[in-house]
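Peer 1: Take a look at the following structure, please.
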Amino acid sequence: MEDCVFCKIIKGEIPSEKVYEDEEILAFKDINPAAPIHILVIPKKHINNLLEVKDEDNYLIGKIYKTINKIAKDLNIEKDGFRVIVNCGKDSGQEVMHLHFHLLGGKKLGAKIIG
Ligand code: AMP
Ligand code: ZN
C-alpha cells in the first residue's frame with residue numbers, strides 16, 4: 001500500500017532496525033519502545049488488521065507466531081517470558097493500519113503496556 005509506513009519499511013524507503021527477515025515476514029525494533037525489548041513482527045503482505053485476515057492467510061499467521069518464538073529465543077527472553085499484543089481498531093489504539101504483532105519483554109511487564 002502506497003501510504004503505509006510499514007510497507008515503506010518493507011521496501012526500504014523508511015529505515016528500520018531489522019531483527020529478522022524472510023520472504024514473507026519482517027521484524028524490526030519499535031521506534032518508541034514500551035519495554036527494553038519491543039519488536040514489531042509484520043507480514044510483508046499488506047493486511048490492514050486482524051479483521052482483514054482471510055483463510056488463505058492461516059499459514060502466514062501461524063508462521064508469524066513461530067517467528068516470534070524464534071526471535072524470543074534469539075534475544076534470550078524465553079526464560080523470563082514476554083508478551084505479544086495485536087491492536088485492532090479504534091478502541092485498541094491501533095495507529096498503523098498494517099497488521100503487526102508487538103513482542104515485548106526484557107522487564108516485568110505491567111498490566112497496561114501498550115495501546
Ligand atoms: P499500534 O498502536 O499497535 O498501531 O502500534 C504501532 C507501533 O508502530 C507503535 O508502537 C509505534 O511506535 C510504531 N512505529 C510507528 N512508526 C514506526 C517506524 N517508522 N519504525 C518503527 N516503529 C514504528
Ligand atoms: Zn502496509
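Labels used: A, B, ... for chains in the order of the C-alpha cells, numbers from 1 for residues in each chain, and numbers from 1 for ligands as shown.
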Using only C-alpha atoms and all ligand atoms, what does the table of chain A residues within 8 Å of ligand 2 look like, with each row giving the shortest atom pair and its distance in Å to one decimal, sorted by chain and ascending number, as a Markdown table?

Peer 2:
```
| residue | atom | partner | partner_atom_place_in_ligand_line | distance |
| --- | --- | --- | --- | --- |
| A:Met1 | CA | ligand 2 | 1 (Zn) | 5.1 |
| A:Glu2 | CA | ligand 2 | 1 (Zn) | 7.7 |
| A:Asp3 | CA | ligand 2 | 1 (Zn) | 7.7 |
| A:Cys4 | CA | ligand 2 | 1 (Zn) | 4.5 |
| A:Val5 | CA | ligand 2 | 1 (Zn) | 6.5 |
| A:Phe6 | CA | ligand 2 | 1 (Zn) | 5.0 |
| A:Cys7 | CA | ligand 2 | 1 (Zn) | 4.0 |
| A:Lys8 | CA | ligand 2 | 1 (Zn) | 7.4 |
| A:Lys44 | CA | ligand 2 | 1 (Zn) | 7.6 |
| A:Lys45 | CA | ligand 2 | 1 (Zn) | 7.2 |
| A:His46 | CA | ligand 2 | 1 (Zn) | 4.3 |
| A:Ile47 | CA | ligand 2 | 1 (Zn) | 6.6 |
| A:Asn48 | CA | ligand 2 | 1 (Zn) | 7.1 |
| A:Met97 | CA | ligand 2 | 1 (Zn) | 6.9 |
| A:His98 | CA | ligand 2 | 1 (Zn) | 4.6 |
| A:Leu99 | CA | ligand 2 | 1 (Zn) | 7.7 |
```

Peer 1: Enumerate as a VMD selection string the residues within 12 Å of ligand 1, counting only C-alpha atoms and all ligand atoms.

Peer 2: chain A and resid 4 to 10 12 to 19 26 to 35 37 to 42 48 to 50 84 to 104 113 to 115

Peer 1: What does the structure give for the distance between CA of Asn58 (chain A) and CA of Glu21 (chain A), in Å to one decimal?

Peer 2: 19.0 Å

Peer 1: My list of candidates is A:Lys73, A:Asp57, A:Ile64, A:Pro36. Which is closest to Lys108 (chain A) when distances are computed with only C-alpha atoms?

Peer 2: A:Pro36

Peer 1: Please give the complete set of residues from chain A that DSSP, run on the backbone, assigns to alpha helix (DSSP H), formatted as a list in words.

Peer 2: Val5, Phe6, Cys7, Lys8, Ile9, Ile10, Lys11, Asn58, Tyr59, Leu60, Ile61, Gly62, Lys63, Ile64, Tyr65, Lys66, Thr67, Ile68, Asn69, Lys70, Ile71, Ala72, Lys73 and Asp74 of chain A

Peer 1: The selected residues should be written to file as a JSON list (two decimals), in the first residue's frame (atoms: N, CA and C atoms).

Peer 2:
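Below is the file that was written, selection12.json:
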```json
[["chain", "number", "residue", "atom", "x", "y", "z"],
["A", 5, "VAL", "N", 3.16, 3.18, 6.26],
["A", 5, "VAL", "CA", 4.51, 3.31, 6.84],
["A", 5, "VAL", "C", 5.23, 1.95, 6.84],
["A", 6, "PHE", "N", 4.52, 0.91, 7.23],
["A", 6, "PHE", "CA", 5.21, -0.39, 7.33],
["A", 6, "PHE", "C", 5.52, -0.96, 5.94],
["A", 7, "CYS", "N", 4.67, -0.71, 4.95],
["A", 7, "CYS", "CA", 5.02, -1.13, 3.58],
["A", 7, "CYS", "C", 6.28, -0.39, 3.11],
["A", 8, "LYS", "N", 6.41, 0.87, 3.52],
["A", 8, "LYS", "CA", 7.62, 1.64, 3.17],
["A", 8, "LYS", "C", 8.84, 1.06, 3.86],
["A", 9, "ILE", "N", 8.69, 0.62, 5.09],
["A", 9, "ILE", "CA", 9.81, -0.03, 5.79],
["A", 9, "ILE", "C", 10.19, -1.32, 5.07],
["A", 10, "ILE", "N", 9.19, -2.10, 4.64],
["A", 10, "ILE", "CA", 9.46, -3.35, 3.91],
["A", 10, "ILE", "C", 10.23, -3.04, 2.63],
["A", 11, "LYS", "N", 9.85, -1.96, 1.94],
["A", 11, "LYS", "CA", 10.51, -1.61, 0.67],
["A", 11, "LYS", "C", 11.86, -0.91, 0.88],
["A", 58, "ASN", "N", -3.92, -18.23, 6.83],
["A", 58, "ASN", "CA", -3.73, -19.07, 8.03],
["A", 58, "ASN", "C", -2.28, -19.51, 8.20],
["A", 59, "TYR", "N", -1.65, -19.92, 7.12],
["A", 59, "TYR", "CA", -0.25, -20.36, 7.19],
["A", 59, "TYR", "C", 0.64, -19.20, 7.65],
["A", 60, "LEU", "N", 0.41, -18.04, 7.05],
["A", 60, "LEU", "CA", 1.21, -16.86, 7.36],
["A", 60, "LEU", "C", 1.11, -16.47, 8.83],
["A", 61, "ILE", "N", -0.10, -16.47, 9.36],
["A", 61, "ILE", "CA", -0.30, -16.09, 10.77],
["A", 61, "ILE", "C", 0.38, -17.10, 11.69],
["A", 62, "GLY", "N", 0.27, -18.36, 11.36],
["A", 62, "GLY", "CA", 0.97, -19.39, 12.15],
["A", 62, "GLY", "C", 2.47, -19.18, 12.10],
["A", 63, "LYS", "N", 2.97, -18.84, 10.92],
["A", 63, "LYS", "CA", 4.41, -18.64, 10.76],
["A", 63, "LYS", "C", 4.89, -17.41, 11.54],
["A", 64, "ILE", "N", 4.03, -16.40, 11.63],
["A", 64, "ILE", "CA", 4.40, -15.22, 12.43],
["A", 64, "ILE", "C", 4.60, -15.62, 13.89],
["A", 65, "TYR", "N", 3.70, -16.44, 14.42],
["A", 65, "TYR", "CA", 3.87, -16.87, 15.82],
["A", 65, "TYR", "C", 5.13, -17.71, 15.99],
["A", 66, "LYS", "N", 5.44, -18.56, 15.02],
["A", 66, "LYS", "CA", 6.66, -19.37, 15.09],
["A", 66, "LYS", "C", 7.89, -18.46, 15.01],
["A", 67, "THR", "N", 7.80, -17.40, 14.24],
["A", 67, "THR", "CA", 8.90, -16.44, 14.13],
["A", 67, "THR", "C", 9.09, -15.69, 15.44],
["A", 68, "ILE", "N", 7.99, -15.33, 16.10],
["A", 68, "ILE", "CA", 8.08, -14.68, 17.41],
["A", 68, "ILE", "C", 8.77, -15.62, 18.40],
["A", 69, "ASN", "N", 8.42, -16.88, 18.35],
["A", 69, "ASN", "CA", 9.06, -17.91, 19.17],
["A", 69, "ASN", "C", 10.58, -17.87, 18.94],
["A", 70, "LYS", "N", 10.99, -17.84, 17.70],
["A", 70, "LYS", "CA", 12.43, -17.82, 17.35],
["A", 70, "LYS", "C", 13.11, -16.53, 17.83],
["A", 71, "ILE", "N", 12.47, -15.39, 17.60],
["A", 71, "ILE", "CA", 13.07, -14.11, 17.99],
["A", 71, "ILE", "C", 13.22, -14.05, 19.51],
["A", 72, "ALA", "N", 12.19, -14.51, 20.23],
["A", 72, "ALA", "CA", 12.25, -14.50, 21.70],
["A", 72, "ALA", "C", 13.46, -15.31, 22.18],
["A", 73, "LYS", "N", 13.71, -16.44, 21.54],
["A", 73, "LYS", "CA", 14.88, -17.26, 21.92],
["A", 73, "LYS", "C", 16.17, -16.58, 21.51],
["A", 74, "ASP", "N", 16.19, -16.00, 20.32],
["A", 74, "ASP", "CA", 17.41, -15.30, 19.85],
["A", 74, "ASP", "C", 17.77, -14.15, 20.78]]
```

Peer 1: Which residues in chain A does DSSP call strand (DSSP E)? List them as a CSV table (one decimal) with all heavy atoms, in the first residue's frame.

Peer 2:
```
chain,number,residue,atom,x,y,z
A,18,LYS,N,16.2,-3.9,11.6
A,18,LYS,CA,15.7,-5.2,11.4
A,18,LYS,C,16.3,-6.3,12.4
A,18,LYS,O,17.5,-6.2,12.6
A,18,LYS,CB,15.9,-5.7,10.0
A,18,LYS,CG,15.2,-4.8,9.0
A,18,LYS,CD,15.6,-5.3,7.5
A,18,LYS,CE,15.0,-4.3,6.5
A,18,LYS,NZ,15.4,-4.6,5.2
A,19,VAL,N,15.4,-7.2,12.9
A,19,VAL,CA,16.0,-8.3,13.7
A,19,VAL,C,15.7,-9.6,13.0
A,19,VAL,O,16.3,-10.6,13.4
A,19,VAL,CB,15.4,-8.3,15.1
A,19,VAL,CG1,15.8,-7.0,15.8
A,19,VAL,CG2,13.9,-8.4,15.1
A,20,TYR,N,14.8,-9.7,12.0
A,20,TYR,CA,14.5,-10.9,11.3
A,20,TYR,C,13.9,-10.5,10.0
A,20,TYR,O,13.1,-9.6,9.9
A,20,TYR,CB,13.6,-11.8,12.1
A,20,TYR,CG,13.2,-13.0,11.3
A,20,TYR,CD1,14.0,-14.2,11.3
A,20,TYR,CD2,12.0,-13.1,10.5
A,20,TYR,CE1,13.7,-15.3,10.6
A,20,TYR,CE2,11.7,-14.2,9.8
A,20,TYR,CZ,12.5,-15.3,9.8
A,20,TYR,OH,12.2,-16.4,9.1
A,21,GLU,N,14.2,-11.3,8.9
A,21,GLU,CA,13.5,-11.1,7.7
A,21,GLU,C,13.6,-12.4,6.8
A,21,GLU,O,14.6,-13.1,6.8
A,21,GLU,CB,14.2,-10.0,6.9
A,21,GLU,CG,13.6,-9.7,5.5
A,21,GLU,CD,14.0,-8.4,4.8
A,21,GLU,OE1,15.2,-7.9,5.2
A,21,GLU,OE2,13.3,-7.9,4.0
A,25,ILE,N,7.9,-12.4,6.0
A,25,ILE,CA,7.8,-11.7,7.3
A,25,ILE,C,9.0,-10.8,7.5
A,25,ILE,O,10.2,-11.1,7.1
A,25,ILE,CB,7.8,-12.8,8.4
A,25,ILE,CG1,6.5,-13.6,8.3
A,25,ILE,CG2,7.9,-12.2,9.8
A,25,ILE,CD1,6.5,-14.9,9.1
A,26,LEU,N,8.8,-9.7,8.2
A,26,LEU,CA,9.8,-8.8,8.7
A,26,LEU,C,9.6,-8.5,10.1
A,26,LEU,O,8.5,-8.3,10.6
A,26,LEU,CB,9.8,-7.5,7.8
A,26,LEU,CG,10.8,-6.4,8.2
A,26,LEU,CD1,12.2,-6.9,7.9
A,26,LEU,CD2,10.5,-5.1,7.4
A,27,ALA,N,10.7,-8.4,10.9
A,27,ALA,CA,10.6,-8.0,12.3
A,27,ALA,C,11.7,-6.9,12.5
A,27,ALA,O,12.8,-7.0,12.0
A,27,ALA,CB,10.9,-9.2,13.2
A,28,PHE,N,11.3,-5.8,13.2
A,28,PHE,CA,12.2,-4.7,13.4
A,28,PHE,C,11.8,-4.0,14.8
A,28,PHE,O,10.7,-4.3,15.3
A,28,PHE,CB,12.0,-3.7,12.3
A,28,PHE,CG,10.6,-3.2,12.0
A,28,PHE,CD1,10.1,-2.1,12.6
A,28,PHE,CD2,9.8,-4.0,11.2
A,28,PHE,CE1,8.8,-1.6,12.3
A,28,PHE,CE2,8.5,-3.6,10.9
A,28,PHE,CZ,8.0,-2.4,11.5
A,29,LYS,N,12.8,-3.2,15.3
A,29,LYS,CA,12.6,-2.6,16.6
A,29,LYS,C,11.6,-1.5,16.5
A,29,LYS,O,11.6,-0.7,15.5
A,29,LYS,CB,13.9,-2.0,17.1
A,29,LYS,CG,14.9,-3.1,17.4
A,29,LYS,CD,16.2,-2.5,18.0
A,29,LYS,CE,17.2,-3.6,18.3
A,29,LYS,NZ,18.5,-3.1,18.8
A,37,ILE,N,12.8,-4.7,25.4
A,37,ILE,CA,12.7,-5.3,24.1
A,37,ILE,C,11.3,-5.1,23.6
A,37,ILE,O,10.3,-5.4,24.2
A,37,ILE,CB,13.0,-6.8,24.2
A,37,ILE,CG1,14.5,-7.0,24.5
A,37,ILE,CG2,12.6,-7.6,22.9
A,37,ILE,CD1,14.9,-8.4,24.7
A,38,HIS,N,11.2,-4.4,22.4
A,38,HIS,CA,9.9,-4.1,21.8
A,38,HIS,C,10.1,-4.3,20.3
A,38,HIS,O,10.7,-3.4,19.6
A,38,HIS,CB,9.5,-2.7,22.2
A,38,HIS,CG,8.1,-2.4,21.7
A,38,HIS,ND1,7.4,-1.3,22.1
A,38,HIS,CD2,7.2,-3.1,20.9
A,38,HIS,CE1,6.2,-1.2,21.6
A,38,HIS,NE2,6.1,-2.3,20.8
A,39,ILE,N,9.7,-5.4,19.8
A,39,ILE,CA,9.9,-5.7,18.4
A,39,ILE,C,8.5,-5.8,17.7
A,39,ILE,O,7.5,-6.2,18.3
A,39,ILE,CB,10.5,-7.1,18.2
A,39,ILE,CG1,11.8,-7.2,19.0
A,39,ILE,CG2,10.8,-7.5,16.7
A,39,ILE,CD1,12.9,-6.4,18.6
A,40,LEU,N,8.4,-5.3,16.5
A,40,LEU,CA,7.2,-5.4,15.7
A,40,LEU,C,7.4,-6.5,14.6
A,40,LEU,O,8.4,-6.5,13.9
A,40,LEU,CB,6.9,-4.1,15.0
A,40,LEU,CG,6.6,-2.9,15.9
A,40,LEU,CD1,6.4,-1.6,15.1
A,40,LEU,CD2,5.4,-3.2,16.8
A,41,VAL,N,6.5,-7.5,14.6
A,41,VAL,CA,6.6,-8.5,13.6
A,41,VAL,C,5.5,-8.4,12.7
A,41,VAL,O,4.3,-8.3,13.1
A,41,VAL,CB,6.6,-9.9,14.3
A,41,VAL,CG1,6.8,-11.0,13.3
A,41,VAL,CG2,7.6,-10.0,15.4
A,42,ILE,N,5.8,-8.3,11.4
A,42,ILE,CA,4.7,-8.0,10.4
A,42,ILE,C,4.8,-8.9,9.2
A,42,ILE,O,5.9,-9.3,8.8
A,42,ILE,CB,4.8,-6.5,9.9
A,42,ILE,CG1,6.1,-6.2,9.1
A,42,ILE,CG2,4.7,-5.5,11.1
A,42,ILE,CD1,6.1,-4.8,8.4
A,43,PRO,N,3.6,-9.2,8.6
A,43,PRO,CA,3.7,-9.9,7.3
A,43,PRO,C,4.1,-8.9,6.2
A,43,PRO,O,3.7,-7.7,6.3
A,43,PRO,CB,2.2,-10.3,7.1
A,43,PRO,CG,1.4,-9.3,7.8
A,43,PRO,CD,2.3,-8.9,9.0
A,82,PHE,N,7.6,-13.1,28.0
A,82,PHE,CA,7.4,-12.0,27.1
A,82,PHE,C,5.9,-11.9,26.8
A,82,PHE,O,5.1,-12.8,27.3
A,82,PHE,CB,8.2,-12.1,25.8
A,82,PHE,CG,7.9,-13.4,25.1
A,82,PHE,CD1,6.9,-13.6,24.2
A,82,PHE,CD2,8.7,-14.5,25.3
A,82,PHE,CE1,6.7,-14.8,23.5
A,82,PHE,CE2,8.5,-15.7,24.7
A,82,PHE,CZ,7.5,-15.8,23.8
A,83,ARG,N,5.5,-10.9,26.2
A,83,ARG,CA,4.1,-10.6,25.8
A,83,ARG,C,3.9,-10.3,24.4
A,83,ARG,O,4.8,-9.6,23.8
A,83,ARG,CB,3.5,-9.5,26.7
A,83,ARG,CG,2.0,-9.3,26.5
A,83,ARG,CD,1.6,-8.2,27.5
A,83,ARG,NE,1.6,-8.6,28.9
A,83,ARG,CZ,1.6,-7.8,30.0
A,83,ARG,NH1,1.5,-6.5,29.8
A,83,ARG,NH2,1.6,-8.3,31.2
A,84,VAL,N,2.8,-10.8,23.7
A,84,VAL,CA,2.5,-10.5,22.3
A,84,VAL,C,1.2,-9.8,22.3
A,84,VAL,O,0.2,-10.3,22.9
A,84,VAL,CB,2.5,-11.8,21.5
A,84,VAL,CG1,2.1,-11.5,20.0
A,84,VAL,CG2,3.8,-12.5,21.6
A,85,ILE,N,1.2,-8.6,21.6
A,85,ILE,CA,0.0,-7.8,21.6
A,85,ILE,C,-0.4,-7.5,20.1
A,85,ILE,O,0.5,-7.1,19.4
A,85,ILE,CB,0.1,-6.5,22.4
A,85,ILE,CG1,0.3,-6.8,23.9
A,85,ILE,CG2,-1.1,-5.6,22.1
A,85,ILE,CD1,0.5,-5.6,24.7
A,101,PHE,N,2.4,-7.5,15.1
A,101,PHE,CA,2.4,-8.1,16.4
A,101,PHE,C,3.5,-7.5,17.2
A,101,PHE,O,4.7,-7.5,16.9
A,101,PHE,CB,2.7,-9.6,16.2
A,101,PHE,CG,1.6,-10.4,15.5
A,101,PHE,CD1,1.4,-10.1,14.1
A,101,PHE,CD2,0.9,-11.3,16.1
A,101,PHE,CE1,0.4,-10.8,13.4
A,101,PHE,CE2,-0.2,-12.0,15.4
A,101,PHE,CZ,-0.4,-11.7,14.1
A,102,HIS,N,3.2,-6.9,18.4
A,102,HIS,CA,4.2,-6.4,19.3
A,102,HIS,C,4.7,-7.5,20.1
A,102,HIS,O,4.0,-8.2,20.8
A,102,HIS,CB,3.5,-5.4,20.3
A,102,HIS,CG,2.9,-4.1,19.6
A,102,HIS,ND1,3.6,-2.9,19.6
A,102,HIS,CD2,1.7,-3.9,19.0
A,102,HIS,CE1,2.8,-2.0,19.0
A,102,HIS,NE2,1.7,-2.6,18.7
A,103,LEU,N,6.0,-7.6,20.1
A,103,LEU,CA,6.7,-8.6,21.0
A,103,LEU,C,7.4,-7.7,22.1
A,103,LEU,O,8.3,-6.9,21.8
A,103,LEU,CB,7.7,-9.4,20.2
A,103,LEU,CG,8.7,-10.2,21.1
A,103,LEU,CD1,8.1,-11.2,22.0
A,103,LEU,CD2,9.7,-11.0,20.1
A,104,LEU,N,7.0,-7.9,23.3
A,104,LEU,CA,7.5,-7.1,24.4
A,104,LEU,C,8.1,-8.0,25.5
A,104,LEU,O,7.6,-9.0,25.9
A,104,LEU,CB,6.3,-6.3,25.1
A,104,LEU,CG,5.7,-5.3,24.1
A,104,LEU,CD1,4.2,-5.3,24.3
A,104,LEU,CD2,6.3,-3.9,24.3
A,105,GLY,N,9.3,-7.5,26.0
A,105,GLY,CA,9.9,-8.2,27.1
A,105,GLY,C,11.1,-7.5,27.6
A,105,GLY,O,11.3,-6.3,27.3
```

Peer 1: CA of Glu24 (chain A) and CA of Glu52 (chain A), how far apart in Å?

Peer 2: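 Straight-line distance from CA of Glu52 (chain A) to CA of Glu24 (chain A) works out to 17.0 Å.
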